[in-house]
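**Student:** What follows is a structure written as structure tokens; I'll ask about it next.
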2 protein chains.
Amino acid sequence: MRPQDIIRKKRDREQLLPAEINFFIDGVTNGQIADYQISALLMAIYLNGMNEAEQQCLTEAMLQSGSIMDFSSIARPKADKHSTGGVGDKTSLVIAPLAAACGVCVPMISGRGLGHTGGTLDKLESIPGYRVDLSAREFQNVLEQVGYAMAGQTGELAPADKKMYALRDATATVEAIPLIVASIISKKGAAGLEAMVIDVKVGSGAFMREEERARALAQALVKTGNSCGIRTRAFLTDMNQPLGCAVGNSIEVKECIEILRGEIAPGARPVLDLSMELSAHMLVLSHVEDLLAEARQRLQRALDSGDALERFRQNIVAQGGDPSVCDDPSGVLPLVRESFKVESRRSGYITAVETTEIGNAIAALGGGRVRIDDTIDATVGFLSEIKIGDKVTAGQTLGVVFSRQESRAREAVSRIQAAYQVGEEPKGNLPTLIKEIVNE
Amino acid sequence: MRPQDIIRKKRDREQLLPAEINFFIDGVTNGQIADYQISALLMAIYLNGMNEAEQQCLTEAMLQSGSIMDFSSIARPKADKHSTGGVGDKTSLVIAPLAAACGVCVPMISGRGLGHTGGTLDKLESIPGYRVDLSAREFQNVLEQVGYAMAGQTGELAPADKKMYALRDATATVEAIPLIVASIISKKGAAGLEAMVIDVKVGSGAFMREEERARALAQALVKTGNSCGIRTRAFLTDMNQPLGCAVGNSIEVKECIEILRGEIAPGARPVLDLSMELSAHMLVLSHVEDLLAEARQRLQRALDSGDALERFRQNIVAQGGDPSVCDDPSGVLPLVRESFKVESRRSGYITAVETTEIGNAIAALGGGRVRIDDTIDATVGFLSEIKIGDKVTAGQTLGVVFSRQESRAREAVSRIQAAYQVGEEPKGNLPTLIKEIVNE
């Protein structure tokens, strides 16, 4: 078997056989297939797609390409949430402690921010001392002690995915549904999950702007996840404006801690609502509760009682961070006072937000990565005060940019200002936070 | 500008701008763009194509990526012939001396065999002492002295093509028309040509099996060649059976020398006919003759007078080979006596030949390269005695395989035997050698 013959088949829209897919993924894993051959196949898959059988086989092969975590010593059901990425999307920090407090074991393998979206690991690292580079042993210990652990993908976990993901970013093949599905499910499967909810973002701040494509992705994720033995459900949720108010690393952590403390700003409400719903489905899929209504009540009790915040605190301690951040987030997190108002250019109603542009503006300011080796400035961010449908007057503050670098901050301000569209009339219906739940 | 944004545009079927194509080819040339990004773009071009403006720009950029030969010190018109490759296709060895004898300067940059097709350089190297690795200075000297010179593409000539060609072979992106056109025309342009005829092979032994695709390639070659300032004409010629009788390195050289000596076996007649027609068009495109009829007469005189053979001899001397091969090819060339008959399995008429299979059988025997670093055995080959339309009886010899390795030779015999289809009735019309001449 030769790599180029497999590339040729996909190029010519022929179905790849399991033996061919396995040969290719083995070659990716052991380095026998050259990067330029991998990327040619990625582009052929991007343009010609994959059918269900190929999708299933690709995912399984990537899942099996490295070690698979074994948490059989932990009796609780293993479940996780995954998001396709958005701006201000911070629900992982709320869901993990909430679900853990309700009896789910959450081995969360998260990513770094790249492009306009932030990354859970970057956000967590804004807590002084917090370590995400846990060894497999440490990860398991934290999981046993706290009920959830947060770490990055190691080279041992789905190494074929790690390799292919890096190539996809450099070859404009990120957005292909078969590749997204295989990447997500292979990592989750290797993390030993039994159940999973996937938050597929759709809108101006998501990788998928069109609902139809997002739905196709959600369906493929659910189908492939279930085929790999993970009980999977997917949400289609709105990403036409930042989720909550905070966009940036420290200020997103602060928003989450406030939510866990019960100090919920009105603009942060969607973060809690979405976290609760995703968690409720996690509980049901994990068989911790049979009914969603009961799951919701149990989650509400975990929040109100402070159990979720207590899990969050325990996790910080277990992962080396400063737990006093839970009591005084503003005093402990690296935040800056220097702020720059984003003012509305005209009076009217917010009709749309170019959310990706907000993400890019904050990334350019140092809050994210333009290149994979950029370092993150945890202090910078944008705190929005306004949502789609709100009435504004010219000069009214839409939000505030935080940064110590005035000239770059002013650039971010003008990019974000331009990202808000103001019309004379409110435009149709407001976006629905949860658009659809895909079960199969 | 980022490579992945250019890849993305082609992926999304948007037209690439000249600045983008130039940026990419510059990056290919200076190594700033990674191989995996080049191959992703190659696959996107393969699947999404290029329009005329992109094709023109890509070709120019590749042409300009290295040095351009300057033969302005030579007064004669510079012209060449190029073939897209076939089995037994040896016309270069006849055309170059013929055209040179008629006043054309032929700076022929040729290739090595790969896959089922042979390469002119490999064939020439079966002449003891013959060197094809000429320096630019040596190449020019031979050209001045003899009127034609034969060498391989150096790293200085269209280096972007050299890089991309190697990647195309490994990534199943060889057969894309825009890439074939850019590769051929950029090399020919860098060789300083004024005129060129291109022999586009079509049929069971060609890269293009379908006439329609071959015609599209021919038209794109003519259009792009002319746009790059090379007066270009393309032939569509038959490759549904080996051209002439000989397939292999030494035996193909022998067939060519016999043709130049006027000792033409009936089965070798098509080699001469095609060489004469291609040369006649070269002479007209070079303005050496105004009319094809006069060009043909002039070529016939060069052949009959021995002038062409004399040029061939001078070229061998100039490139370090043993010129006595012209007088006694069988005594000088590395040939073997060991031969194995390929017999017809049944009685009837030859209706079709799977010509690629013959090429592959001889390549597997050592006559060609399965991999790019294989060494060539000049002695092996296949000498056919039968053509499509011929009547055969069961057990009749279709041709002879030469090799010293009996078991491998027997394998070649059975592959070649299976490549000949014998039907009860002759099948329709015989293939026409020259199907079409494409002028624009």
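Scheme for the structure tokens: letters A, B, ... for chains in order shown; per-chain residue numbers from 1; ligand numbers from 1 in order shown.
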Which neighbours of Leu292 in chain B fall inside 8 Å, counting only C-alpha atoms, when residues of the same chain fewer than 3 positions from it are skipped, and could you give them as an MDAnalysis selection string?

**Tutor:** chainID B and resid 280:281 284 289 295:296

**Student:** As a list in words, could you give me every residue of chain B near chain A (at most 7 Å apart, counting only C-alpha atoms)?

**Tutor:**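 My answer is Gln4, Ile7, Arg8, Asp35, Tyr36, Gln37, Ser39, Ala40, Met43, Ala44, Ala170, Thr171 and Ala172 of chain B.
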
**Student:** Those same residues - all heavy atoms - I'd like them written as a JSON list (two decimals), in the first residue's frame.

**Tutor:**
```json
[["chain", "number", "residue", "atom", "x", "y", "z"],
["B", 4, "GLN", "N", -1.67, 29.95, 4.03],
["B", 4, "GLN", "CA", -2.96, 29.27, 4.24],
["B", 4, "GLN", "C", -4.13, 30.08, 3.71],
["B", 4, "GLN", "O", -5.18, 29.52, 3.37],
["B", 4, "GLN", "CB", -3.17, 28.87, 5.71],
["B", 4, "GLN", "CG", -2.98, 29.96, 6.74],
["B", 4, "GLN", "CD", -1.57, 29.94, 7.28],
["B", 4, "GLN", "OE1", -0.60, 30.07, 6.54],
["B", 4, "GLN", "NE2", -1.44, 29.79, 8.57],
["B", 7, "ILE", "N", -4.22, 29.19, 0.06],
["B", 7, "ILE", "CA", -4.79, 27.84, -0.05],
["B", 7, "ILE", "C", -6.31, 27.91, 0.13],
["B", 7, "ILE", "O", -7.07, 27.29, -0.62],
["B", 7, "ILE", "CB", -4.17, 26.89, 1.01],
["B", 7, "ILE", "CG1", -2.65, 26.77, 0.82],
["B", 7, "ILE", "CG2", -4.82, 25.51, 0.96],
["B", 7, "ILE", "CD1", -1.93, 26.10, 1.99],
["B", 8, "ARG", "N", -6.74, 28.68, 1.12],
["B", 8, "ARG", "CA", -8.18, 28.79, 1.41],
["B", 8, "ARG", "C", -8.94, 29.32, 0.20],
["B", 8, "ARG", "O", -10.00, 28.82, -0.14],
["B", 8, "ARG", "CB", -8.40, 29.70, 2.62],
["B", 8, "ARG", "CG", -9.88, 29.94, 2.95],
["B", 8, "ARG", "CD", -10.08, 30.74, 4.22],
["B", 8, "ARG", "NE", -9.68, 29.96, 5.37],
["B", 8, "ARG", "CZ", -8.63, 30.22, 6.16],
["B", 8, "ARG", "NH1", -7.90, 31.29, 5.92],
["B", 8, "ARG", "NH2", -8.33, 29.43, 7.17],
["B", 35, "ASP", "N", 6.47, 22.33, 2.66],
["B", 35, "ASP", "CA", 6.02, 21.30, 1.71],
["B", 35, "ASP", "C", 4.54, 20.95, 1.91],
["B", 35, "ASP", "O", 3.81, 20.75, 0.95],
["B", 35, "ASP", "CB", 6.83, 20.01, 1.89],
["B", 35, "ASP", "CG", 8.23, 20.15, 1.33],
["B", 35, "ASP", "OD1", 8.55, 21.22, 0.78],
["B", 35, "ASP", "OD2", 9.00, 19.18, 1.45],
["B", 36, "TYR", "N", 4.12, 20.87, 3.18],
["B", 36, "TYR", "CA", 2.73, 20.46, 3.42],
["B", 36, "TYR", "C", 1.74, 21.53, 2.98],
["B", 36, "TYR", "O", 0.60, 21.23, 2.67],
["B", 36, "TYR", "CB", 2.51, 20.05, 4.88],
["B", 36, "TYR", "CG", 2.99, 21.02, 5.93],
["B", 36, "TYR", "CD1", 2.24, 22.12, 6.28],
["B", 36, "TYR", "CD2", 4.21, 20.83, 6.57],
["B", 36, "TYR", "CE1", 2.67, 23.01, 7.25],
["B", 36, "TYR", "CE2", 4.66, 21.70, 7.54],
["B", 36, "TYR", "CZ", 3.88, 22.80, 7.89],
["B", 36, "TYR", "OH", 4.33, 23.68, 8.84],
["B", 37, "GLN", "N", 2.20, 22.78, 2.93],
["B", 37, "GLN", "CA", 1.32, 23.83, 2.42],
["B", 37, "GLN", "C", 1.28, 23.79, 0.89],
["B", 37, "GLN", "O", 0.24, 23.98, 0.27],
["B", 37, "GLN", "CB", 1.77, 25.20, 2.94],
["B", 37, "GLN", "CG", 1.56, 25.31, 4.45],
["B", 37, "GLN", "CD", 2.04, 26.62, 5.03],
["B", 37, "GLN", "OE1", 3.15, 27.06, 4.75],
["B", 37, "GLN", "NE2", 1.20, 27.25, 5.85],
["B", 39, "SER", "N", 1.64, 21.14, -0.95],
["B", 39, "SER", "CA", 0.86, 20.00, -1.42],
["B", 39, "SER", "C", -0.64, 20.21, -1.19],
["B", 39, "SER", "O", -1.46, 19.73, -1.97],
["B", 39, "SER", "CB", 1.34, 18.69, -0.77],
["B", 39, "SER", "OG", 1.07, 18.69, 0.60],
["B", 40, "ALA", "N", -0.99, 20.94, -0.14],
["B", 40, "ALA", "CA", -2.42, 21.25, 0.06],
["B", 40, "ALA", "C", -2.92, 22.13, -1.09],
["B", 40, "ALA", "O", -4.03, 21.94, -1.60],
["B", 40, "ALA", "CB", -2.64, 21.94, 1.41],
["B", 43, "MET", "N", -3.34, 20.00, -4.26],
["B", 43, "MET", "CA", -4.58, 19.22, -4.28],
["B", 43, "MET", "C", -5.79, 20.12, -4.54],
["B", 43, "MET", "O", -6.71, 19.75, -5.27],
["B", 43, "MET", "CB", -4.74, 18.46, -2.96],
["B", 43, "MET", "CG", -5.98, 17.57, -2.87],
["B", 43, "MET", "SD", -6.12, 16.33, -4.21],
["B", 43, "MET", "CE", -4.97, 15.08, -3.60],
["B", 44, "ALA", "N", -5.78, 21.32, -3.96],
["B", 44, "ALA", "CA", -6.89, 22.25, -4.20],
["B", 44, "ALA", "C", -6.93, 22.65, -5.68],
["B", 44, "ALA", "O", -8.00, 22.76, -6.27],
["B", 44, "ALA", "CB", -6.76, 23.47, -3.30],
["B", 170, "ALA", "N", 4.32, 12.44, -5.24],
["B", 170, "ALA", "CA", 4.06, 11.78, -3.95],
["B", 170, "ALA", "C", 2.67, 12.05, -3.41],
["B", 170, "ALA", "O", 2.28, 11.48, -2.40],
["B", 170, "ALA", "CB", 5.11, 12.23, -2.93],
["B", 171, "THR", "N", 1.92, 12.95, -4.06],
["B", 171, "THR", "CA", 0.64, 13.36, -3.49],
["B", 171, "THR", "C", -0.52, 13.16, -4.46],
["B", 171, "THR", "O", -1.59, 13.74, -4.27],
["B", 171, "THR", "CB", 0.67, 14.84, -3.05],
["B", 171, "THR", "OG1", 1.01, 15.66, -4.20],
["B", 171, "THR", "CG2", 1.69, 15.07, -1.96],
["B", 172, "ALA", "N", -0.31, 12.36, -5.50],
["B", 172, "ALA", "CA", -1.38, 12.06, -6.46],
["B", 172, "ALA", "C", -1.95, 13.33, -7.09],
["B", 172, "ALA", "O", -3.16, 13.47, -7.26],
["B", 172, "ALA", "CB", -2.49, 11.23, -5.81]]
```

**Student:** Just asking: which residues within range 20-119 of chain B are strand (DSSP E) according to DSSP, as an NGL selection string?

**Tutor:** :B and (79-83 or 106-110)

**Student:** Using only C-alpha atoms, can you tell me which of A:Lys201, A:Leu157, A:Gln145, A:Glu277 comes closest to Glu294 in chain A?

**Tutor:**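 Closest to Glu294 in chain A, using only C-alpha atoms: A:Glu277.
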
**Student:** Report as a ChimeraX atom specification all protein, DNA and RNA residues lying within 6 Å of range 121-127 of chain B, evaluated on only C-alpha atoms, omitting residues in the same chain fewer than 6 positions from it.

**Tutor:** /B:112,249-250,333,378

**Student:** Within 9 Å of Gln241 in chain B, counting only C-alpha atoms, which residues qualify if same-chain residues fewer than 2 places away don't, as a PyMOL selection string?

**Tutor:** chain B and resi 87-88+203-205+238-239+243-244+352-356+387-388

**Student:** What's around Ala61 in chain B at 7 Å? Count only C-alpha atoms, leave out sequence neighbours fewer than 4 positions away in its own chain, and write the answer as a count of residues only.

**Tutor:** 4

**Student:** Please identify all polymer residues within 12 Å of Arg137 in chain A, counting only C-alpha atoms, omitting same-chain residues fewer than 5 positions from it, and present them as a PyMOL selection string.

**Tutor:** chain A and resi 69-71+142-144+149+151

**Student:** Store the residues of this selection in a file with N, CA and C atoms, as a tab-separated table (two decimals), in the first residue's frame.

**Tutor:**
```
chain	number	residue	atom	x	y	z
A	69	MET	N	-7.04	6.53	28.18
A	69	MET	CA	-7.06	6.67	29.64
A	69	MET	C	-7.98	5.64	30.25
A	70	ASP	N	-7.54	5.10	31.36
A	70	ASP	CA	-8.33	4.07	32.03
A	70	ASP	C	-8.68	4.57	33.43
A	71	PHE	N	-9.94	4.97	33.59
A	71	PHE	CA	-10.38	5.45	34.89
A	71	PHE	C	-11.31	4.43	35.56
A	142	VAL	N	-6.05	14.08	40.64
A	142	VAL	CA	-6.94	15.24	40.77
A	142	VAL	C	-8.38	14.79	40.54
A	143	LEU	N	-8.55	13.96	39.53
A	143	LEU	CA	-9.88	13.46	39.17
A	143	LEU	C	-10.49	12.68	40.35
A	144	GLU	N	-9.69	11.85	40.97
A	144	GLU	CA	-10.19	11.06	42.10
A	144	GLU	C	-10.54	11.94	43.29
A	149	ALA	N	-10.80	17.25	36.49
A	149	ALA	CA	-9.43	17.69	36.28
A	149	ALA	C	-9.36	18.33	34.91
A	151	ALA	N	-6.72	19.49	31.78
A	151	ALA	CA	-5.35	19.42	31.26
A	151	ALA	C	-5.37	19.49	29.74
```

**Student:** Skip Asp374 in chain A itself and residues of its chain fewer than 4 positions away, then list as JSON, numbers by chain all residues within 12 Å of it, counting only C-alpha atoms.

**Tutor:** {"A": [112, 113, 114, 115, 122, 363, 364, 365, 366, 367, 368, 369, 370]}

**Student:** For all heavy atoms, I'd like the residues from the last selection saved as a compact mmCIF listing (two decimals), in the first residue's frame.

**Tutor:**
```
# COMPACT_ATOMS: atom_id res chain seq x y z
N ARG A 112 -5.87 25.14 23.82
CA ARG A 112 -5.41 26.52 23.89
C ARG A 112 -6.24 27.35 22.92
O ARG A 112 -6.80 26.81 21.96
CB ARG A 112 -3.94 26.58 23.45
CG ARG A 112 -2.99 25.77 24.31
CD ARG A 112 -2.65 26.52 25.56
NE ARG A 112 -1.80 25.74 26.46
CZ ARG A 112 -1.46 26.17 27.67
NH1 ARG A 112 -1.88 27.34 28.13
NH2 ARG A 112 -0.70 25.44 28.45
N GLY A 113 -6.26 28.65 23.14
CA GLY A 113 -6.92 29.53 22.19
C GLY A 113 -6.08 29.66 20.93
O GLY A 113 -4.86 29.62 20.98
N LEU A 114 -6.76 29.77 19.80
CA LEU A 114 -6.06 30.03 18.54
C LEU A 114 -7.02 30.82 17.68
O LEU A 114 -8.20 30.49 17.60
CB LEU A 114 -5.63 28.74 17.86
CG LEU A 114 -4.73 28.92 16.63
CD1 LEU A 114 -3.44 29.65 16.97
CD2 LEU A 114 -4.42 27.58 15.99
N GLY A 115 -6.50 31.86 17.04
CA GLY A 115 -7.37 32.69 16.23
C GLY A 115 -8.28 33.51 17.12
O GLY A 115 -7.86 34.00 18.17
N ASP A 122 -5.79 28.45 28.67
CA ASP A 122 -5.25 29.81 28.81
C ASP A 122 -6.00 30.56 29.91
O ASP A 122 -5.39 31.29 30.70
CB ASP A 122 -5.39 30.57 27.49
CG ASP A 122 -4.56 29.96 26.39
OD1 ASP A 122 -3.45 29.48 26.69
OD2 ASP A 122 -5.01 29.97 25.23
N ALA A 363 -7.54 39.09 20.65
CA ALA A 363 -6.37 38.24 20.38
C ALA A 363 -5.19 39.12 19.95
O ALA A 363 -4.06 38.94 20.42
CB ALA A 363 -6.70 37.21 19.30
N ALA A 364 -5.46 40.10 19.08
CA ALA A 364 -4.40 40.98 18.58
C ALA A 364 -3.80 41.81 19.72
O ALA A 364 -2.62 42.15 19.70
CB ALA A 364 -4.95 41.90 17.49
N LEU A 365 -4.62 42.07 20.72
CA LEU A 365 -4.17 42.85 21.87
C LEU A 365 -3.31 42.00 22.81
O LEU A 365 -2.71 42.52 23.76
CB LEU A 365 -5.43 43.35 22.60
CG LEU A 365 -5.38 44.57 23.48
CD1 LEU A 365 -4.79 45.76 22.74
CD2 LEU A 365 -6.81 44.92 23.96
N GLY A 366 -3.25 40.70 22.56
CA GLY A 366 -2.43 39.81 23.40
C GLY A 366 -3.26 38.80 24.15
O GLY A 366 -2.72 37.93 24.85
N GLY A 367 -4.58 38.87 24.02
CA GLY A 367 -5.44 37.96 24.76
C GLY A 367 -5.57 36.58 24.12
O GLY A 367 -6.06 35.65 24.73
N GLY A 368 -5.09 36.49 22.89
CA GLY A 368 -5.15 35.20 22.19
C GLY A 368 -3.91 35.01 21.36
O GLY A 368 -2.93 35.74 21.51
N ARG A 369 -3.96 34.01 20.52
CA ARG A 369 -2.80 33.71 19.69
C ARG A 369 -3.11 33.96 18.23
O ARG A 369 -4.10 33.42 17.71
CB ARG A 369 -2.39 32.24 19.82
CG ARG A 369 -1.75 31.92 21.13
CD ARG A 369 -1.31 30.47 21.18
NE ARG A 369 -0.86 30.19 22.53
CZ ARG A 369 -1.66 29.95 23.55
NH1 ARG A 369 -2.96 29.92 23.35
NH2 ARG A 369 -1.17 29.74 24.76
N VAL A 370 -2.27 34.75 17.57
CA VAL A 370 -2.37 34.86 16.13
C VAL A 370 -1.57 33.70 15.54
O VAL A 370 -1.98 33.03 14.62
CB VAL A 370 -1.85 36.23 15.65
CG1 VAL A 370 -1.95 36.34 14.14
CG2 VAL A 370 -2.63 37.35 16.33
```

**Student:** Could you jot down the CA of Val332 in chain B to CA of Leu299 in chain B separation for me, Å, one decimal place?

**Tutor:**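 A separation of 27.3 Å between them.
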